[in-house]
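Q: Dumping the structure here so I can ask a few things about it.
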Amino acid sequence: METRHRVAVLALEGVPPFELGIPSRVFGNAYGPGGRKLYDVVVCTADGQPVTSDAGFTVGVAAGPEALETADTVIVPPTHAMDELLAGAPLPEHLRAALARIRPGTRLVSICTGSHVLAAAGLLDGRPATTHWVDAERFRRAFPRVQLDEDVLFVDDGDLLTSAGVAAGVDLCLHLIRNDHGSAVANLTARLCVVPPWRDGGQAQYIERPVPEPTVATTSAARAWAMDRLDTPLTLAELSAQAGMSLRTFTRRFRDEVGMTPVQWLTAQRLELARQLLETSDLPVDLVAHRSGFGSGNSLRQHMRAAFGVSPIAYRRTFQAREAMGV
């Protein structure tokens, strides 16, 4: 009998209902060939007892901490009842004991301030991570050993992944599905959840800033124009012309809106297109590079190694093998 990937969601006192429901909603909509469900998701608590959400109602759960022992992935949603962790308070003993049940090698994931729990347990020491930008400075003071980056939507450090606030948890769950089963499955999951398969930029675009005048132009038209021309050389001058801005104004406004430079954004879009072509076609690497705007196979190889740590051939081999196994 085939074993599905087991996801355990650890509900804590004060958990926001929206974030608590993200893993069940997203992973529950991930299907393989023939409509086969790819994940089993169980919600548990550290002591097997119900918890009270930050919306004021009680959350009953199907399991206690024993669910953590057999999980392939453990997800810790945020809690608004443990701010004392950012003041240096230790983890409650029952929570520490629950986390100790997790098997070595289990994939650990946090959503928003769930990263506070992982950090307080010492699991993020020396590792890159993120959290909600509002708490970044307090987090950095409380956990100086963590390599915090508050500008990104999520951080993937292999077996340990952290996301920013609220909807970034959706982004991270889709990223996990994409890593596990490829872009086609992740994109279908996103469509079923009625969310974009990925979002551009990072938290920088959401950090509070003075509101611009209503008449100020945006870079959205230039981005839409570029998405239809990823296979052609595109210059900053052409992009700024599409937005009707000077180069300097366009570059500044683009970064404010998207959270990255125009060049970084173009590279990310081209890499995503290249990944889809490698997964869904048998096109030679040089042709994949041409159609995704990298110009040459060597350029694509360099960008994929920098971004994903693998070559185009190795990436394609991985996902073709998964497809052959029906994964």
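Here, A, B, ... name the chains of the structure tokens in the order displayed, residue numbers run from 1 inside each chain, and ligands are numbered from 1 in the same displayed order.
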Would you pick out the contacts of stretch 167-174 of chain A at 9 Å or less, using only C-alpha atoms, so that residues sharing its chain but fewer than 5 positions from it are not included, and give the list as a ChimeraX atom specification?

A: /A:19,22-23,26-27,77,109-112,153-156,161-162,179,186-187,189-190,195-199,203

Q: Can you write out the residues you just picked, keeping C-alpha atoms, as a PDB file, in the first residue's frame?

A:
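Final output, again-v4.pdb:
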```
ATOM      1  CA  GLU A  19      -2.806  30.378   9.375  1.00  0.00           C
ATOM      2  CA  ILE A  22      -3.305  26.929   5.466  1.00  0.00           C
ATOM      3  CA  PRO A  23      -1.473  23.558   5.464  1.00  0.00           C
ATOM      4  CA  VAL A  26      -3.028  23.753   0.421  1.00  0.00           C
ATOM      5  CA  PHE A  27      -1.630  20.236   0.890  1.00  0.00           C
ATOM      6  CA  PRO A  77       1.760  28.031  12.620  1.00  0.00           C
ATOM      7  CA  VAL A 109       8.432  24.503   8.725  1.00  0.00           C
ATOM      8  CA  SER A 110       7.159  27.637  10.429  1.00  0.00           C
ATOM      9  CA  ILE A 111       4.549  30.138   9.336  1.00  0.00           C
ATOM     10  CA  CYS A 112       4.908  33.753  10.490  1.00  0.00           C
ATOM     11  CA  LEU A 153       8.542  35.885   1.786  1.00  0.00           C
ATOM     12  CA  PHE A 154      10.148  32.638   2.890  1.00  0.00           C
ATOM     13  CA  VAL A 155      13.527  30.972   3.421  1.00  0.00           C
ATOM     14  CA  ASP A 156      14.285  27.442   2.249  1.00  0.00           C
ATOM     15  CA  LEU A 161      11.928  26.399   6.150  1.00  0.00           C
ATOM     16  CA  THR A 162      10.417  29.582   7.548  1.00  0.00           C
ATOM     17  CA  ASN A 179       9.931  20.884  -4.661  1.00  0.00           C
ATOM     18  CA  ALA A 186       1.990  23.032  -7.555  1.00  0.00           C
ATOM     19  CA  ASN A 187       0.318  25.161 -10.218  1.00  0.00           C
ATOM     20  CA  THR A 189      -2.893  23.150  -6.410  1.00  0.00           C
ATOM     21  CA  ALA A 190      -2.674  26.941  -6.607  1.00  0.00           C
ATOM     22  CA  VAL A 195      -4.150  31.812  -5.415  1.00  0.00           C
ATOM     23  CA  PRO A 196      -1.137  32.643  -7.600  1.00  0.00           C
ATOM     24  CA  PRO A 197       1.388  29.786  -7.913  1.00  0.00           C
ATOM     25  CA  TRP A 198       4.122  32.188  -6.801  1.00  0.00           C
ATOM     26  CA  ARG A 199       4.411  35.843  -5.875  1.00  0.00           C
ATOM     27  CA  GLN A 203       8.242  41.413   2.376  1.00  0.00           C
TER      28      GLN A 203
END
```

Q: Determine, counting only C-alpha atoms, which protein, DNA and RNA residues have an atom within 9 Å of an atom of stretch 306-314 of chain A; residues of the same chain fewer than 4 positions away are not included. Present the result as a list in words.

A: Ala268, Leu271, Ala274, Arg275, Leu278, Val285, Gly297, Leu300, Arg301, Gln302, Thr318 and Phe319 of chain A

Q: Those same residues - N, CA and C atoms - I'd like them written as a PDB file, in the first residue's frame.

A:
```
ATOM      1  N   ALA A 268      14.259  35.783 -12.095  1.00  0.00           N
ATOM      2  CA  ALA A 268      13.354  34.865 -11.397  1.00  0.00           C
ATOM      3  C   ALA A 268      12.256  34.355 -12.326  1.00  0.00           C
ATOM      4  N   LEU A 271      13.800  31.893 -14.794  1.00  0.00           N
ATOM      5  CA  LEU A 271      14.091  30.619 -14.152  1.00  0.00           C
ATOM      6  C   LEU A 271      12.825  29.788 -13.976  1.00  0.00           C
ATOM      7  N   ALA A 274      11.968  28.371 -17.314  1.00  0.00           N
ATOM      8  CA  ALA A 274      12.902  27.290 -17.645  1.00  0.00           C
ATOM      9  C   ALA A 274      12.561  26.017 -16.880  1.00  0.00           C
ATOM     10  N   ARG A 275      12.203  26.146 -15.604  1.00  0.00           N
ATOM     11  CA  ARG A 275      11.838  24.972 -14.817  1.00  0.00           C
ATOM     12  C   ARG A 275      10.619  24.276 -15.418  1.00  0.00           C
ATOM     13  N   LEU A 278      11.651  22.445 -18.576  1.00  0.00           N
ATOM     14  CA  LEU A 278      12.440  21.247 -18.279  1.00  0.00           C
ATOM     15  C   LEU A 278      11.563  20.116 -17.757  1.00  0.00           C
ATOM     16  N   VAL A 285      18.492  21.443 -23.797  1.00  0.00           N
ATOM     17  CA  VAL A 285      18.782  22.506 -22.825  1.00  0.00           C
ATOM     18  C   VAL A 285      19.047  23.834 -23.522  1.00  0.00           C
ATOM     19  N   GLY A 297      22.828  27.689 -23.311  1.00  0.00           N
ATOM     20  CA  GLY A 297      22.752  26.651 -22.299  1.00  0.00           C
ATOM     21  C   GLY A 297      23.706  26.900 -21.149  1.00  0.00           C
ATOM     22  N   LEU A 300      22.103  29.389 -18.765  1.00  0.00           N
ATOM     23  CA  LEU A 300      21.055  28.741 -17.979  1.00  0.00           C
ATOM     24  C   LEU A 300      21.656  27.866 -16.894  1.00  0.00           C
ATOM     25  N   ARG A 301      22.703  27.113 -17.240  1.00  0.00           N
ATOM     26  CA  ARG A 301      23.350  26.253 -16.243  1.00  0.00           C
ATOM     27  C   ARG A 301      23.888  27.070 -15.075  1.00  0.00           C
ATOM     28  N   GLN A 302      24.528  28.196 -15.372  1.00  0.00           N
ATOM     29  CA  GLN A 302      25.080  29.036 -14.315  1.00  0.00           C
ATOM     30  C   GLN A 302      23.978  29.582 -13.402  1.00  0.00           C
ATOM     31  N   THR A 318      15.519  14.582 -12.300  1.00  0.00           N
ATOM     32  CA  THR A 318      14.802  14.405 -11.037  1.00  0.00           C
ATOM     33  C   THR A 318      13.308  14.337 -11.261  1.00  0.00           C
ATOM     34  N   PHE A 319      12.773  15.293 -12.030  1.00  0.00           N
ATOM     35  CA  PHE A 319      11.321  15.339 -12.188  1.00  0.00           C
ATOM     36  C   PHE A 319      10.812  14.317 -13.184  1.00  0.00           C
TER      37      PHE A 319
END
```
